[in-house]
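Pasting model-v3.pdb here (PDB, C-alpha atoms and all ligand atoms):
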```pdb
ATOM      1  CA  MET A   1     -22.022   6.142  -7.524  1.00  0.00           C
ATOM      2  CA  ASN A   2     -24.669   6.841 -10.077  1.00  0.00           C
ATOM      3  CA  TYR A   3     -27.177   4.337 -11.245  1.00  0.00           C
ATOM      4  CA  ILE A   4     -29.822   4.020 -13.862  1.00  0.00           C
ATOM      5  CA  CYS A   5     -32.778   1.708 -13.943  1.00  0.00           C
ATOM      6  CA  GLU A   6     -33.052  -0.253 -17.126  1.00  0.00           C
ATOM      7  CA  VAL A   7     -36.753  -0.780 -16.623  1.00  0.00           C
ATOM      8  CA  CYS A   8     -38.065   2.743 -16.150  1.00  0.00           C
ATOM      9  CA  GLY A   9     -34.951   4.727 -16.931  1.00  0.00           C
ATOM     10  CA  PHE A  10     -34.866   6.362 -13.533  1.00  0.00           C
ATOM     11  CA  PHE A  11     -31.540   8.015 -12.853  1.00  0.00           C
ATOM     12  CA  PHE A  12     -30.282   8.400  -9.332  1.00  0.00           C
ATOM     13  CA  CYS A  13     -27.201   8.323  -7.197  1.00  0.00           C
ATOM     14  CA  ARG A  14     -26.476   6.451  -4.023  1.00  0.00           C
ATOM     15  CA  MET A  15     -23.585   5.817  -1.758  1.00  0.00           C
ATOM     16  CA  GLY A  16     -22.657   2.174  -1.848  1.00  0.00           C
ATOM     17  CA  GLU A  17     -24.558  -0.700  -3.343  1.00  0.00           C
ATOM     18  CA  VAL A  18     -28.110  -0.488  -4.539  1.00  0.00           C
ATOM     19  CA  ASN A  19     -30.130  -3.465  -5.551  1.00  0.00           C
ATOM     20  CA  GLU A  20     -33.401  -2.036  -6.623  1.00  0.00           C
ATOM     21  CA  CYS A  21     -34.771   0.985  -8.339  1.00  0.00           C
ATOM     22  CA  PRO A  22     -36.322   3.482  -5.900  1.00  0.00           C
ATOM     23  CA  SER A  23     -38.898   4.314  -8.508  1.00  0.00           C
ATOM     24  CA  CYS A  24     -40.221   1.011  -9.795  1.00  0.00           C
ATOM     25  CA  GLU A  25     -38.498  -1.290  -7.286  1.00  0.00           C
ATOM     26  CA  ARG A  26     -37.151  -3.701  -9.835  1.00  0.00           C
ATOM     27  CA  ASN A  27     -33.629  -4.932  -9.541  1.00  0.00           C
ATOM     28  CA  GLN A  28     -32.522  -4.149 -13.047  1.00  0.00           C
ATOM     29  CA  ILE A  29     -30.306  -1.242 -12.305  1.00  0.00           C
ATOM     30  CA  ARG A  30     -26.801  -0.648 -13.468  1.00  0.00           C
ATOM     31  CA  SER A  31     -24.114   1.795 -12.555  1.00  0.00           C
ATOM     32  CA  VAL A  32     -23.307   4.544 -14.998  1.00  0.00           C
ATOM     33  CA  THR A  33     -19.953   6.019 -15.777  1.00  0.00           C
ATOM     34  CA  GLU A  34     -18.926   9.590 -15.118  1.00  0.00           C
ATOM     35  CA  GLU A  35     -19.290  10.324 -18.781  1.00  0.00           C
ATOM     36  CA  GLU A  36     -22.764   8.885 -18.999  1.00  0.00           C
ATOM     37  CA  THR A  37     -23.760  10.794 -15.896  1.00  0.00           C
ATOM     38  CA  GLN A  38     -22.936  14.085 -17.509  1.00  0.00           C
ATOM     39  CA  ARG A  39     -24.800  13.128 -20.630  1.00  0.00           C
ATOM     40  CA  LEU A  40     -27.830  12.115 -18.632  1.00  0.00           C
ATOM     41  CA  GLN A  41     -27.800  15.247 -16.542  1.00  0.00           C
ATOM     42  CA  GLU A  42     -27.921  17.490 -19.520  1.00  0.00           C
ATOM     43  CA  LEU A  43     -30.747  15.718 -21.200  1.00  0.00           C
ATOM     44  CA  PRO A  44     -31.226  16.986 -24.709  1.00  0.00           C
ATOM     45  CA  ASP A  45     -34.878  17.880 -24.727  1.00  0.00           C
ATOM     46  CA  SER A  46     -34.598  19.294 -28.170  1.00  0.00           C
ATOM     47  CA  ILE A  47     -32.985  16.323 -29.811  1.00  0.00           C
ATOM     48  CA  SER A  48     -34.867  16.983 -33.004  1.00  0.00           C
ATOM     49  CA  GLU A  49     -33.198  20.155 -34.111  1.00  0.00           C
ATOM     50  CA  ARG A  50     -33.507  21.041 -37.698  1.00  0.00           C
TER      51      ARG A  50
HETATM   52 ZN    ZN B 101     -37.049   1.669 -12.290  1.00  0.00          ZN
END
```
Starting from the file, lay out its structure as structure tokens.
Amino acid sequence: MNYICEVCGFFFCRMGEVNECPSCERNQIRSVTEEETQRLQELPDSISER
């Protein structure tokens, strides 16, 4: 399962349940879908193309 922290935006994956972000240790994480995972993994650095 993949998760993302809504506080710091940290993206990580864990087996099973996670209650807090490994980065900022808040408990505002949510699971992300397969689709979102792919989108997050190929982060568009150059979002401002012209
Ligand atoms: Zn966090």
Within-7 Å residues of ligand ZN 101 (chain B), basis all atoms listed in the file, as a PDB file with C-alpha atoms, in the coordinates of the input:
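Done, and the output landed in pocket03.pdb:
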```
ATOM      1  CA  CYS A   5     -32.778   1.708 -13.943  1.00  0.00           C
ATOM      2  CA  GLU A   6     -33.052  -0.253 -17.126  1.00  0.00           C
ATOM      3  CA  VAL A   7     -36.753  -0.780 -16.623  1.00  0.00           C
ATOM      4  CA  CYS A   8     -38.065   2.743 -16.150  1.00  0.00           C
ATOM      5  CA  GLY A   9     -34.951   4.727 -16.931  1.00  0.00           C
ATOM      6  CA  PHE A  10     -34.866   6.362 -13.533  1.00  0.00           C
ATOM      7  CA  CYS A  21     -34.771   0.985  -8.339  1.00  0.00           C
ATOM      8  CA  PRO A  22     -36.322   3.482  -5.900  1.00  0.00           C
ATOM      9  CA  SER A  23     -38.898   4.314  -8.508  1.00  0.00           C
ATOM     10  CA  CYS A  24     -40.221   1.011  -9.795  1.00  0.00           C
ATOM     11  CA  GLU A  25     -38.498  -1.290  -7.286  1.00  0.00           C
ATOM     12  CA  ARG A  26     -37.151  -3.701  -9.835  1.00  0.00           C
TER      13      ARG A  26
END
```
Long-range neighbours of range 33-37 of chain A as an mmCIF file with C-alpha atoms, in the coordinates of the input, 8 Å cut-off, only C-alpha atoms, 3 positions minimum in chain:
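Result saved to around.cif:
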```cif
data_model
loop_
_atom_site.group_PDB
_atom_site.id
_atom_site.type_symbol
_atom_site.label_atom_id
_atom_site.label_comp_id
_atom_site.auth_asym_id
_atom_site.auth_seq_id
_atom_site.Cartn_x
_atom_site.Cartn_y
_atom_site.Cartn_z
ATOM 1 C CA ASN A 2 -24.669 6.841 -10.077
ATOM 2 C CA LEU A 40 -27.830 12.115 -18.632
ATOM 3 C CA GLN A 41 -27.800 15.247 -16.542
#
```
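Of the residues under consideration (A:Val18, A:Phe12, A:Ile4, A:Glu42), A:Ile4 shows the shortest atom-to-atom contact distance to Arg30 in chain A when counting only C-alpha atoms.
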List the residues selected by the PyMOL selection byres (((chain A and resi 13) around 8) and not hetatm) in the file shown, writing them as a list in words.
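Going through the file, the PyMOL selection byres (((chain A and resi 13) around 8) and not hetatm) ends up selecting Met1, Asn2, Tyr3, Phe11, Phe12, Arg14 and Met15 of chain A.
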What are the centre and edge lengths in Å, to one decimal, of the axis-aligned box around all listed atoms of range 1-4 of chain A with 6 Å added on each side, as AutoDock Vina command-line options?
```
--center_x -25.9 --center_y 5.4 --center_z -10.7 --size_x 19.8 --size_y 14.8 --size_z 18.3
```
